[in-house]
Structures are given as structure tokens and as C-alpha cells.
>>> print(open('entry10.txt').read())   # compact mmCIF, C-alpha atoms
# COMPACT_ATOMS: atom_id res chain seq x y z
CA MET J 1 93.26 138.70 131.90
CA LEU J 2 91.83 135.92 129.83
CA GLY J 3 94.73 133.55 130.31
CA LEU J 4 95.86 134.60 133.75
CA GLY J 5 92.49 135.09 135.43
CA LEU J 6 93.23 138.68 136.42
CA ALA J 7 90.41 141.22 136.44
CA PHE J 8 90.55 143.57 133.48
CA THR J 9 90.84 147.25 134.32
CA GLY J 10 90.17 148.67 130.90
CA ALA J 11 89.89 147.81 127.25
CA ILE J 12 90.91 148.84 123.83
CA VAL J 13 90.40 149.78 120.37
CA VAL J 14 88.50 150.41 117.29
CA ALA J 15 86.58 152.81 115.20
CA LEU J 16 86.13 154.58 111.92
CA ILE J 17 86.54 157.12 109.21
CA GLY J 18 84.69 160.06 107.74
CA SER J 19 81.42 161.22 109.27
CA GLY J 20 79.97 157.80 110.04
CA THR J 21 77.02 158.23 107.70
CA ILE J 22 79.15 158.14 104.56
CA ARG J 23 82.57 156.79 103.75
CA LEU J 24 85.31 158.73 102.05
CA ASP J 25 84.07 157.87 98.56
CA GLY J 26 80.51 158.88 99.45
CA ARG J 27 78.93 155.44 99.88
CA ARG J 28 76.95 154.47 102.95
CA PRO J 29 78.40 151.77 105.21
CA PRO J 30 77.03 148.21 104.88
CA GLY J 31 73.79 147.59 106.77
CA GLY J 32 72.24 150.95 105.98
CA HIS J 33 72.87 152.58 109.35
CA ALA J 34 75.49 155.12 110.34
CA ALA J 35 78.62 153.62 111.86
CA ARG J 36 79.18 154.66 115.48
CA ILE J 37 81.91 154.25 118.05
CA ALA J 38 81.43 152.86 121.54
CA MET J 39 84.13 154.27 123.77
CA VAL J 40 85.24 154.43 127.38
CA ASP J 41 87.22 157.30 128.86
CA ALA J 42 89.81 157.22 131.64
CA ASN J 43 87.05 157.53 134.28
CA GLY J 44 85.11 154.54 132.97
CA VAL J 45 82.36 156.62 131.35
CA LEU J 46 80.70 154.76 128.48
CA SER J 47 79.42 156.66 125.46
CA THR J 48 78.81 156.36 121.74
CA LEU J 49 79.41 158.95 119.05
CA LEU J 50 79.72 159.45 115.34
CA PRO J 51 83.17 159.26 113.72
CA ALA J 52 83.23 163.05 113.51
CA GLY J 53 83.05 163.16 117.33
CA THR J 54 79.48 164.47 117.30
CA ASP J 55 76.11 163.16 118.56
CA ARG J 56 77.59 161.83 121.79
CA ARG J 57 75.33 159.63 123.91
CA VAL J 58 76.40 158.89 127.48
CA TYR J 59 75.32 155.75 129.35
CA SER J 60 75.56 155.12 133.08
CA VAL J 61 74.45 152.75 135.84
CA GLY J 62 74.96 154.27 139.28
CA SER J 63 78.65 154.52 140.15
CA LEU J 64 79.79 151.67 137.88
CA ALA J 65 82.82 152.19 135.67
CA PHE J 66 82.60 150.50 132.29
CA GLN J 67 85.10 148.61 130.18
CA PHE J 68 85.30 146.45 127.05
CA PRO J 69 82.18 147.65 125.19
CA ALA J 70 81.24 145.36 122.29
CA TRP J 71 78.63 145.96 119.61
CA SER J 72 75.89 143.46 118.84
CA PRO J 73 76.13 141.85 115.38
CA ASP J 74 73.42 144.16 114.02
CA GLY J 75 75.17 147.27 115.36
CA THR J 76 72.24 148.55 117.45
CA ARG J 77 73.19 147.50 120.99
CA ILE J 78 76.29 147.64 123.17
CA ALA J 79 77.24 145.17 125.88
CA ALA J 80 79.75 146.37 128.43
CA ILE J 81 81.20 145.21 131.72
CA GLY J 82 80.42 147.49 134.65
CA LEU J 83 82.40 147.42 137.90
CA ASP J 84 82.76 149.19 141.22
CA GLN J 85 84.03 148.09 144.63
CA ALA J 86 80.80 146.29 145.55
CA ASP J 87 79.12 145.32 142.29
CA SER J 88 79.76 144.08 138.77
CA GLY J 89 77.80 142.95 135.77
CA VAL J 90 77.16 142.73 132.05
CA PHE J 91 74.89 145.52 130.84
CA VAL J 92 73.22 145.95 127.45
CA PHE J 93 72.34 149.38 126.07
CA ASP J 94 70.09 150.07 123.08
CA ASP J 95 71.96 152.59 120.97
CA GLY J 96 69.81 152.05 117.91
CA ALA J 97 66.80 153.75 119.54
CA GLY J 98 68.62 157.05 119.95
CA GLY J 99 70.31 156.27 123.24
CA GLY J 100 71.20 159.01 125.69
CA THR J 101 71.41 159.19 129.43
CA ALA J 102 67.71 158.36 129.83
CA THR J 103 68.05 154.94 128.20
CA GLN J 104 67.63 152.15 130.74
CA PRO J 105 70.05 149.24 130.24
CA VAL J 106 69.32 145.55 130.54
CA ALA J 107 71.27 144.01 133.42
CA ALA J 108 71.91 140.67 131.71
CA TYR J 109 74.18 139.50 134.55
CA ARG J 110 74.99 140.99 137.94
CA SER J 111 77.14 139.73 140.81
CA SER J 112 78.98 141.01 143.86
CA SER J 113 81.28 137.97 144.02
CA ALA J 114 82.01 136.66 140.51
CA ALA J 115 83.07 139.60 138.36
CA PRO J 116 82.96 139.34 134.57
CA ILE J 117 86.27 140.05 132.83
CA TYR J 118 85.53 139.62 129.11
CA LEU J 119 82.42 139.32 126.90
CA TYR J 120 81.58 138.13 123.38
CA TRP J 121 78.20 138.29 121.56
CA SER J 122 76.68 135.19 119.95
CA PRO J 123 76.39 135.29 116.14
CA ASN J 124 72.63 135.97 116.21
CA GLY J 125 72.87 138.65 118.90
CA ARG J 126 70.50 136.88 121.29
CA ARG J 127 73.12 135.81 123.82
CA ILE J 128 76.32 137.06 125.37
CA SER J 129 79.12 134.75 126.45
CA PHE J 130 81.48 135.98 129.12
CA LEU J 131 84.22 134.95 131.53
CA THR J 132 83.97 135.31 135.30
CA ASN J 133 86.59 135.06 137.99
CA GLU J 134 85.57 132.25 140.33
CA PRO J 135 87.24 131.08 143.57
CA ASP J 136 88.64 128.04 141.73
CA GLY J 137 89.53 129.66 138.41
CA LEU J 138 87.64 130.90 135.37
CA ALA J 139 84.13 130.08 134.19
CA LEU J 140 82.60 130.49 130.75
CA GLN J 141 78.99 131.63 131.08
CA VAL J 142 76.23 132.40 128.59
CA VAL J 143 73.26 134.67 129.24
CA ALA J 144 70.26 135.98 127.29
CA ALA J 145 71.05 139.48 126.03
CA ASP J 146 67.54 140.67 126.90
CA GLY J 147 67.88 139.52 130.52
CA THR J 148 64.93 137.11 130.32
CA ALA J 149 66.90 134.11 131.64
CA PRO J 150 69.75 133.72 134.12
CA ALA J 151 73.32 132.99 133.08
CA VAL J 152 74.31 129.36 132.53
CA MET J 153 77.81 128.11 133.26
CA VAL J 154 79.08 126.26 130.19
CA ARG J 155 82.68 125.35 131.02
CA ARG J 156 85.38 125.82 133.65
CA GLY J 157 89.12 125.97 133.12
CA GLN J 158 92.17 128.18 133.18
CA PRO J 159 93.20 129.64 130.87
CA LEU J 160 90.00 129.58 128.84
CA TYR J 161 89.39 130.67 125.23
CA TRP J 162 86.58 130.07 122.74
CA ASP J 163 84.94 130.93 119.45
CA TRP J 164 81.26 130.68 118.51
CA ILE J 165 80.40 127.97 115.97
CA ASP J 166 76.72 128.88 115.73
CA ALA J 167 74.08 130.28 118.08
CA SER J 168 74.18 127.21 120.35
CA HIS J 169 77.72 125.77 120.14
CA VAL J 170 81.22 127.02 120.95
CA LEU J 171 84.69 125.71 120.20
CA VAL J 172 86.60 125.78 123.51
CA HIS J 173 90.27 125.53 124.41
CA SER J 174 91.20 125.47 128.08
CA GLY J 175 94.20 124.45 130.11
CA ALA J 176 96.75 125.59 127.49
CA ASN J 177 98.98 122.66 126.50
CA SER J 178 99.05 120.98 129.92
CA GLN J 179 98.06 117.38 130.58
CA ASN J 180 94.60 118.60 131.60
CA ALA J 181 94.09 120.66 128.44
CA PHE J 182 90.70 120.45 126.73
CA LEU J 183 89.91 121.18 123.10
CA GLY J 184 86.48 120.52 121.67
CA GLU J 185 82.98 121.62 120.77
CA VAL J 186 80.57 122.39 123.60
CA ALA J 187 76.81 123.00 123.47
CA VAL J 188 75.52 125.95 125.47
CA ASP J 189 71.99 124.54 126.01
CA THR J 190 72.78 120.90 126.83
CA ALA J 191 75.56 118.79 128.32
CA GLU J 192 76.78 117.86 124.83
CA VAL J 193 80.59 117.84 124.56
CA ALA J 194 82.61 116.66 121.56
CA PRO J 195 86.36 116.60 122.32
CA ILE J 196 88.78 116.83 119.43
CA GLY J 197 91.23 113.93 119.41
CA ALA J 198 94.45 115.92 119.34
CA SER J 199 97.30 116.64 121.70
CA VAL J 200 96.94 120.36 122.27
CA GLY J 201 99.83 122.52 121.10
CA ALA J 202 100.91 126.02 122.15
CA PHE J 203 98.12 128.42 121.23
CA GLN J 204 95.33 130.41 122.87
CA ALA J 205 92.06 131.00 121.01
CA PRO J 206 90.69 128.42 118.55
CA ALA J 207 89.19 129.76 115.34
CA VAL J 208 85.95 128.92 113.56
CA SER J 209 85.49 129.91 109.91
CA PRO J 210 82.83 132.55 109.13
CA ASP J 211 80.44 129.92 107.75
CA GLY J 212 80.94 127.67 110.78
CA ARG J 213 82.01 124.69 108.65
CA SER J 214 85.75 124.67 109.43
CA ARG J 215 87.90 125.11 112.50
CA ALA J 216 91.54 125.79 113.25
CA TYR J 217 93.73 124.98 116.23
CA VAL J 218 97.29 123.96 117.07
CA ALA J 219 98.22 120.35 117.80
CA LEU J 220 101.35 118.53 118.90
CA ARG J 221 102.80 116.01 116.49
CA GLU J 222 105.54 113.42 116.74
CA GLY J 223 109.06 114.68 117.15
CA PRO J 224 107.83 116.62 119.06
CA SER J 225 106.62 119.11 116.48
CA THR J 226 103.73 121.55 116.34
CA SER J 227 101.25 122.12 113.53
CA VAL J 228 98.45 124.53 112.75
CA VAL J 229 95.50 122.33 111.83
CA VAL J 230 92.75 123.56 109.51
CA GLU J 231 89.95 121.04 109.08
CA ALA J 232 86.32 120.72 108.09
CA ARG J 233 84.14 120.01 111.09
CA ASP J 234 82.55 117.10 109.23
CA GLY J 235 85.96 115.52 108.58
CA SER J 236 85.85 115.99 104.81
CA SER J 237 89.13 117.91 104.57
CA ARG J 238 92.24 118.65 106.60
CA ARG J 239 95.33 120.82 106.12
CA GLU J 240 98.37 121.27 108.36
CA ALA J 241 101.21 123.77 108.51
CA ARG J 242 104.29 123.19 110.67
CA VAL J 243 105.15 125.95 113.17
CA GLY J 244 108.13 126.32 115.45
CA GLY J 245 106.42 127.49 118.62
CA ALA J 246 103.37 129.27 120.00
CA SER J 247 100.90 130.42 117.37
CA ALA J 248 97.88 132.73 117.05
CA LEU J 249 95.14 132.12 114.49
CA GLY J 250 92.70 134.27 112.54
CA TRP J 251 90.32 133.48 109.65
CA SER J 252 89.84 135.72 106.66
CA PRO J 253 86.28 137.13 106.56
CA ALA J 254 85.96 135.26 103.25
CA GLY J 255 86.84 131.99 104.99
CA ASP J 256 89.30 130.89 102.32
CA GLN J 257 92.53 131.72 104.17
CA LEU J 258 93.82 131.46 107.71
CA ALA J 259 96.49 133.82 109.03
CA TYR J 260 98.79 132.42 111.69
CA SER J 261 101.95 133.41 113.51
CA ASP J 262 105.06 131.24 113.62
CA SER J 263 106.59 132.19 116.93
CA THR J 264 110.22 133.17 117.32
CA ALA J 265 109.67 134.86 120.70
CA PRO J 266 111.87 133.62 123.58
CA VAL J 267 109.06 133.70 126.17
CA GLY J 268 106.41 131.46 124.61
CA LEU J 269 104.25 134.24 123.18
CA PRO J 270 102.83 133.94 119.63
CA ILE J 271 105.11 136.63 118.20
CA GLY J 272 106.92 136.00 114.93
CA PRO J 273 106.47 136.00 111.15
CA LEU J 274 102.90 136.15 109.86
CA GLU J 275 101.92 133.46 107.36
CA LEU J 276 98.84 132.45 105.40
CA ILE J 277 97.47 129.02 104.56
CA ASP J 278 95.07 128.56 101.66
CA VAL J 279 92.29 126.28 102.90
CA ARG J 280 91.54 124.80 99.49
CA SER J 281 95.08 123.94 98.38
CA GLY J 282 96.95 123.79 101.68
CA ALA J 283 99.63 126.09 100.23
CA THR J 284 101.34 128.41 102.71
CA ARG J 285 103.17 131.68 102.16
CA LEU J 286 104.97 134.25 104.24
CA LEU J 287 103.08 137.56 104.35
CA VAL J 288 105.03 139.66 106.90
CA ASP J 289 108.48 138.85 108.24
CA GLY J 290 109.87 139.86 111.63
CA SER J 291 108.28 139.92 115.06
CA VAL J 292 104.57 140.42 114.38
CA VAL J 293 102.72 141.13 117.63
CA ALA J 294 99.16 141.36 116.29
CA TRP J 295 97.13 141.58 113.10
CA PHE J 296 93.56 142.43 112.17
CA TRP J 297 91.62 141.41 109.04
CA ALA J 298 89.70 144.14 107.24
CA PRO J 299 86.01 143.23 106.78
CA ASP J 300 86.49 142.87 103.01
CA GLY J 301 89.39 140.43 103.55
CA ARG J 302 91.72 142.38 101.26
CA THR J 303 93.94 144.09 103.84
CA LEU J 304 95.58 143.16 107.12
CA ALA J 305 96.56 145.76 109.69
CA VAL J 306 99.74 144.43 111.28
CA LEU J 307 101.57 145.55 114.42
CA ARG J 308 105.23 144.55 114.44
CA ILE J 309 108.25 145.11 116.64
CA PRO J 310 110.36 147.56 114.57
CA LEU J 311 113.06 146.12 112.36
CA PRO J 312 116.43 147.85 111.95
CA SER J 313 115.36 148.60 108.38
CA ASP J 314 112.22 150.43 109.53
CA ASN J 315 113.87 153.84 109.37
CA SER J 316 110.62 155.61 110.20
CA VAL J 317 111.17 154.55 113.82
CA ALA J 318 113.66 156.69 115.69
CA ALA J 319 114.71 154.06 118.24
CA VAL J 320 114.59 150.29 118.07
CA PRO J 321 114.37 148.74 121.57
CA ALA J 322 115.51 145.19 122.18
CA LEU J 323 112.86 142.53 121.70
CA THR J 324 113.31 141.20 125.21
CA ALA J 325 112.68 144.66 126.67
CA ALA J 326 109.53 145.02 124.58
CA LEU J 327 108.14 141.74 125.90
CA GLN J 328 108.28 142.52 129.60
CA GLY J 329 104.91 142.45 131.23
CA PRO J 330 104.52 140.39 128.82
CA ILE J 331 104.35 143.34 126.43
CA ALA J 332 105.25 146.68 127.94
CA GLN J 333 106.47 149.97 126.65
CA THR J 334 110.16 150.77 127.07
CA ASP J 335 111.02 154.42 126.58
CA ARG J 336 107.70 154.93 124.80
CA LEU J 337 108.12 151.97 122.49
CA SER J 338 106.96 152.67 118.96
CA LEU J 339 105.51 149.67 117.19
CA HIS J 340 105.35 149.61 113.42
CA LEU J 341 101.80 149.61 112.00
CA LEU J 342 101.62 148.15 108.49
CA PHE J 343 98.64 147.91 106.16
CA VAL J 344 99.33 144.92 103.93
CA ASP J 345 97.61 143.88 100.71
CA VAL J 346 96.73 140.22 101.31
CA ARG J 347 96.80 139.19 97.65
CA THR J 348 100.17 140.67 96.71
CA GLY J 349 101.90 141.11 100.07
CA ALA J 350 102.59 144.76 99.20
CA ILE J 351 102.62 147.28 102.04
CA ARG J 352 99.93 149.88 101.33
CA SER J 353 101.18 152.22 104.05
CA HIS J 354 103.14 152.14 107.29
CA ARG J 355 103.94 154.34 110.26
CA ALA J 356 105.25 154.25 113.82
CA VAL J 357 102.60 154.24 116.56
CA ARG J 358 102.77 154.52 120.33
CA LEU J 359 99.95 152.51 121.83
CA SER J 360 98.55 153.16 125.26
CA ASP J 361 100.00 151.17 128.17
CA LEU J 362 96.57 149.57 128.63
CA VAL J 363 96.59 148.17 125.11
CA LEU J 364 100.11 146.86 125.39
CA ALA J 365 99.56 145.17 128.74
CA GLN J 366 95.97 143.91 128.50
CA PHE J 367 94.87 143.72 124.89
CA LEU J 368 97.81 142.62 122.75
CA PRO J 369 98.79 139.56 124.82
CA PHE J 370 95.25 138.19 124.21
CA VAL J 371 94.57 139.78 120.85
CA ASP J 372 93.60 136.50 119.17
CA GLN J 373 90.60 136.24 121.53
CA TYR J 374 89.69 139.92 121.28
CA ALA J 375 89.78 139.71 117.48
CA ARG J 376 86.73 137.42 117.71
CA SER J 377 84.59 139.86 119.66
CA HIS J 378 85.74 143.47 119.29
CA ARG J 379 85.95 145.30 115.98
CA LEU J 380 88.97 147.41 115.06
CA TRP J 381 88.38 148.13 111.38
CA SER J 382 85.80 150.43 109.85
CA PRO J 383 82.88 148.59 108.19
CA THR J 384 84.14 149.95 104.86
CA SER J 385 87.69 148.59 105.36
CA ASP J 386 89.41 151.94 104.90
CA ALA J 387 90.65 152.79 108.41
CA ILE J 388 91.43 151.47 111.85
CA VAL J 389 91.28 153.30 115.17
CA LEU J 390 93.68 152.85 118.06
CA PRO J 391 94.20 154.60 121.40
CA LEU J 392 97.53 156.31 120.75
CA GLN J 393 99.73 158.13 123.23
CA ASP J 394 100.93 161.67 122.72
CA GLU J 395 104.25 163.00 123.94
CA ALA J 396 102.79 163.66 127.39
CA GLY J 397 101.51 160.09 127.72
CA ALA J 398 97.81 160.95 127.30
CA SER J 399 95.69 158.49 125.30
CA HIS J 400 93.57 159.65 122.37
CA ILE J 401 91.24 157.61 120.18
CA THR J 402 92.81 158.10 116.77
CA ILE J 403 91.64 157.22 113.27
CA VAL J 404 94.45 155.76 111.16
CA PRO J 405 93.55 155.49 107.46
CA ALA J 406 94.89 152.49 105.55
CA ASP J 407 95.91 154.61 102.57
CA GLY J 408 98.61 156.44 104.52
CA SER J 409 96.80 159.76 104.85
CA ALA J 410 96.96 161.80 108.05
CA GLU J 411 95.78 160.46 111.40
CA ARG J 412 92.88 162.21 113.13
CA ARG J 413 92.06 162.33 116.85
CA ILE J 414 88.35 162.06 117.57
CA ALA J 415 88.17 161.84 121.37
CA ASP J 416 90.13 161.36 124.58
CA GLY J 417 89.75 157.83 125.85
CA ILE J 418 91.28 154.49 126.67
CA ALA J 419 89.10 152.18 124.53
CA ALA J 420 86.92 152.46 121.45
CA PHE J 421 85.20 149.90 119.22
CA TRP J 422 83.47 150.28 115.91
CA SER J 423 79.93 149.15 115.13
CA PRO J 424 79.34 146.75 112.21
>>> encode(input="entry10.txt", output="C-alpha cells")
Amino acid sequence: MLGLGLAFTGAIVVALIGSGTIRLDGRRPPGGHAARIAMVDANGVLSTLLPAGTDRRVYSVGSLAFQFPAWSPDGTRIAAIGLDQADSGVFVFDDGAGGGTATQPVAAYRSSSAAPIYLYWSPNGRRISFLTNEPDGLALQVVAADGTAPAVMVRRGQPLYWDWIDASHVLVHSGANSQNAFLGEVAVDTAEVAPIGASVGAFQAPAVSPDGRSRAYVALREGPSTSVVVEARDGSSRREARVGGASALGWSPAGDQLAYSDSTAPVGLPIGPLELIDVRSGATRLLVDGSVVAWFWAPDGRTLAVLRIPLPSDNSVAAVPALTAALQGPIAQTDRLSLHLLFVDVRTGAIRSHRAVRLSDLVLAQFLPFVDQYARSHRLWSPTSDAIVLPLQDEAGASHITIVPADGSAERRIADGIAAFWSP
């Protein structure tokens, strides 16, 4: 995985509502094109389809099995990792041209020795950043999405996390909170490196605001104590919020608020109450109490989809396993663990709807422990902010890509698969 350097064997999440060409209230999605889902089934077959499950387009490259498909920012191309016993690479498919099995992909990166394990498009869609497993650890590489130039190694380290600042700079955190930890801005075209003068606290992925002007990370303070730091990149402003342990960070799409976890987990994972800090005033407030495992901002910034370990008061959940049992692996199902999925109004804190969900083992083991990094690169919400899609298990343990509306209406299965991601 991202932090542990283990090869990924699958991916997770995301997708839509309605027919894909219209939303429930009849309006077209933003961008003018029909929203589509990129998905991978249990055999590693990559395809795209409309939210209704129609117009399926299948993509293949020899015997490669695909994982972690991610849409380009304009929603016309898909980048996916392809693997078999002898080969691996990052492949780009043009879904905007109609797609289908006849479409020839761009092999942006290919290797028989350094397999990619995670990928993330640049903001302008011209490049793809990705991690590879190297003999001495992890490497962050950047490659032209059209395959016109070879990949360039930008940074080494383990673990290794990053966020794009603009089309030519990334904010990198590597080495966790060890003595060799690095936190700073790195250019992808030159040797330019700008370390941030802070003792690195317990967190994984740094966060850059949507406009690229602010950044967030976790730093150690005297005491010792730990603080979430939200600051302008030009040094014109700075806010801090004290946290008790490991934290995960995520900017609102509007850029005016940062969500962060205040860990209460006994094993160093960023699992705990979910809080918000207002960037302008520095005021903080509790949004969701309990053991929040993950959260996802809706594109309009008005709703958060929150996954939480069930509370005793969550009577919609039949059984409440112990927190320590739920964290094995580091997060593994115990007797088909049901997490609680909440849709929360950001402004008021009111819960719009909630239900118990049983996520696939793949999601629990490989996606949720690194969800703060995946939230940068892989979309879970519909473009119209009215639904989220997750791979949910049925009673027999089979995984189905399932649309879950935010308004509490009935779920709908759209396909059998282990991962699905929604186009912008």
C-alpha cells in the first residue's frame, strides 16, 4: 500500500445516480457531458458504463489485470494500473471518443521490475504522478499522459504521500514522523525543493487548497503536542488546531474549511471525531463524534459522506463489534462488520440520512487505511452531489457496485465489481 510499500491488488469506489445524462431533478451534470463510471471487476477487467448500467465499454491490454482507474480532470480519459506476472504499467484510455475494445491505449509507463501501485492525475490532465515499488523503497514518478516523454523520478521515501499544488509542483510528505521525515514543496521539472520548517507530526497525506494558495499538514509542537496547521503558502496567514494524535486532512471544495480527524484510536490510525476549522477565522467545531474512519466532501461542499464505527446508540446496526477488533489488519471485517454511513449537512451538522453498510474486504484493507491520499485522486461522489457509490457486500460475501443516495432513498446495484470511480 501507499504507506507500507505493498503492491495493491485491487481498488475501490465511486460512482453516480440516475441515468448519467441527467440528474434526478432533470439537470445535466456540470461540464456538459454524461457522467460515466470506470470500474474493475473481480477478474481485473476494466470497463466504463453509464449509471444505468448501459453502454458498457471494455478495455484490455493483453493479459493485464487492471486496478485503481482514475478519471482525467476533464472526464474524457481513464488512467489505470495494469499488472500480470511479467509486466506492469500505467495505461491511458480515451473514453471520450466512444471507447470500446478497439480503442488503443497509451502506455504512459511500462516496467517489468518497478510496478506502479497508485496513480494521481495532475490538475491540468497533462501528467500522471504515480508510486512505484523500488528495491530500496518507494519512488514518486511523473510521466506525460500522452506517452510523449519518459517518466521522471521526483522523490524517494517510505511512506510517501503528496498533493498537487499546480501543474508543476507537489506538496510531499515522506518518512512519517521519523527523524528522516520530509515535508515540503517539490518541483517536478527541476531540482527545486522547498522544505517546510516544521517538525512533522502524525499524519499521512498533506492537503493543498483547491486554489493552490494554502496548505495543511500536521506538526509537532512543544509539550510535546500536535497541531493541524493551515497556512497560506506565501506566509500571509496561519491557523492551528490542537489534536491528540494521528490526523487525516481534507479541504472543502470551496477552500474555506478544512476537515480533520482528532484520533482516539489505540493503534496510531487517524480514527476519531471529525472536526472543521474555518480558514478565515480559525474557529473550530465538532461535526461528527465517535470513531470516524473516513469522510468524503461532496463537490458542492455542502455535504460530507462519513463512515464511522457504529456507536451503541446507532440502533440501525444489529451488532456493534469492539473497536480493537475492527482495526485489525489495520481495518478488517469482523463477522461482516457494518460501518455506519452518514450524510452530514456541513453548515448545520444535521444528519441528512444514515444507514449500515458492509464494505468489501478490499476496501476495508486497502482503501480506508489510506483514504486521505485516495480522496485526492479518486472520486466517490456524483458530480451533482446527490449520491455516492461503494462496493458493498451481500449476505453471500459478493461485492456489488451500489449507488447510495444522500437523501436516504433506496440503494441500487448497478454492476458486479470490486472498484468503481465516477467521472467529473
>>> residues_around(input="entry10.txt", residues="segment 144-152 of chain J", least_positions_apart="5", cutoff="7 Å", atoms="all atoms listed in the file", output="ChimeraX atom specification")
/J:92,106-109,126-128
>>> closest_residue(input="entry10.txt", among="J:Leu276, J:Ala114, J:Ala232, J:Ala139", to="Tyr161 of chain J", atoms="all atoms listed in the file")
J:Ala139
>>> closest_atom_pairs(input="entry10.txt", of="segment 271-301 of chain J", to="segment 387-398 of chain J", cutoff="12 Å", atoms="all atoms listed in the file", output="CSV")
residue,atom,partner,partner_atom,distance
J:Trp295,CA,J:Ile388,CA,11.5
J:Phe296,CA,J:Ile388,CA,9.3
J:Trp297,CA,J:Ile388,CA,10.4
J:Ala298,CA,J:Ala387,CA,8.8
J:Pro299,CA,J:Ala387,CA,10.8
>>> atom_distance(input="entry10.txt", atom1="atom CA of Asp234 of chain J", atom2="atom CA of Gly250 of chain J")
20.2 Å
>>> residues_around(input="entry10.txt", residues="segment 352-355 of chain J", least_positions_apart="4", cutoff="6 Å", atoms="all atoms listed in the file", output="PyMOL selection string")
chain J and resi 340-344+407-408
>>> atom_distance(input="entry10.txt", atom1="atom CA of Asn124 of chain J", atom2="atom CA of Ala79 of chain J")
14.1 Å
>>> residues_around(input="entry10.txt", residues="segment 278-288 of chain J", least_positions_apart="4", cutoff="6 Å", atoms="only C-alpha atoms", output="PyMOL selection string")
chain J and resi 239+256-257+273-274+349
>>> residues_near_point(input="entry10.txt", point="(84.8, 126.8, 124.4)", cutoff="6 Å", atoms="all atoms listed in the file", output="MDAnalysis selection string")
chainID J and resid 162 170:173
>>> atom_distance(input="entry10.txt", atom1="atom CA of Pro270 of chain J", atom2="atom CA of Gly201 of chain J")
11.9 Å
>>> residues_near_point(input="entry10.txt", point="(90.9, 118.6, 128.1)", cutoff="10 Å", atoms="only C-alpha atoms", output="PyMOL selection string")
chain J and resi 157+172-184+195-200
>>> write_last_selection(input="entry10.txt", atoms="C-alpha atoms", output="PDB file, in the coordinates of the input")
ATOM      1  CA  GLY J 157      89.120 125.970 133.120  1.00  0.00           C
ATOM      2  CA  VAL J 172      86.600 125.780 123.510  1.00  0.00           C
ATOM      3  CA  HIS J 173      90.270 125.530 124.410  1.00  0.00           C
ATOM      4  CA  SER J 174      91.200 125.470 128.080  1.00  0.00           C
ATOM      5  CA  GLY J 175      94.200 124.450 130.110  1.00  0.00           C
ATOM      6  CA  ALA J 176      96.750 125.590 127.490  1.00  0.00           C
ATOM      7  CA  ASN J 177      98.980 122.660 126.500  1.00  0.00           C
ATOM      8  CA  SER J 178      99.050 120.980 129.920  1.00  0.00           C
ATOM      9  CA  GLN J 179      98.060 117.380 130.580  1.00  0.00           C
ATOM     10  CA  ASN J 180      94.600 118.600 131.600  1.00  0.00           C
ATOM     11  CA  ALA J 181      94.090 120.660 128.440  1.00  0.00           C
ATOM     12  CA  PHE J 182      90.700 120.450 126.730  1.00  0.00           C
ATOM     13  CA  LEU J 183      89.910 121.180 123.100  1.00  0.00           C
ATOM     14  CA  GLY J 184      86.480 120.520 121.670  1.00  0.00           C
ATOM     15  CA  PRO J 195      86.360 116.600 122.320  1.00  0.00           C
ATOM     16  CA  ILE J 196      88.780 116.830 119.430  1.00  0.00           C
ATOM     17  CA  GLY J 197      91.230 113.930 119.410  1.00  0.00           C
ATOM     18  CA  ALA J 198      94.450 115.920 119.340  1.00  0.00           C
ATOM     19  CA  SER J 199      97.300 116.640 121.700  1.00  0.00           C
ATOM     20  CA  VAL J 200      96.940 120.360 122.270  1.00  0.00           C
TER      21      VAL J 200
END
>>> closest_residue(input="entry10.txt", among="J:Leu64, J:Gly245, J:Arg376, J:Ala167", to="Val208 of chain J", atoms="all atoms listed in the file")
J:Arg376
>>> residues_around(input="entry10.txt", residues="Ala187 of chain J", least_positions_apart="2", cutoff="9 Å", atoms="only C-alpha atoms", output="JSON, numbers by chain")
{"J": [154, 168, 169, 170, 171, 185, 189, 190, 191, 192, 193, 194]}
>>> closest_residue(input="entry10.txt", among="J:Trp422, J:Phe130, J:Trp251, J:Phe203", to="Ala115 of chain J", atoms="only C-alpha atoms")
J:Phe130
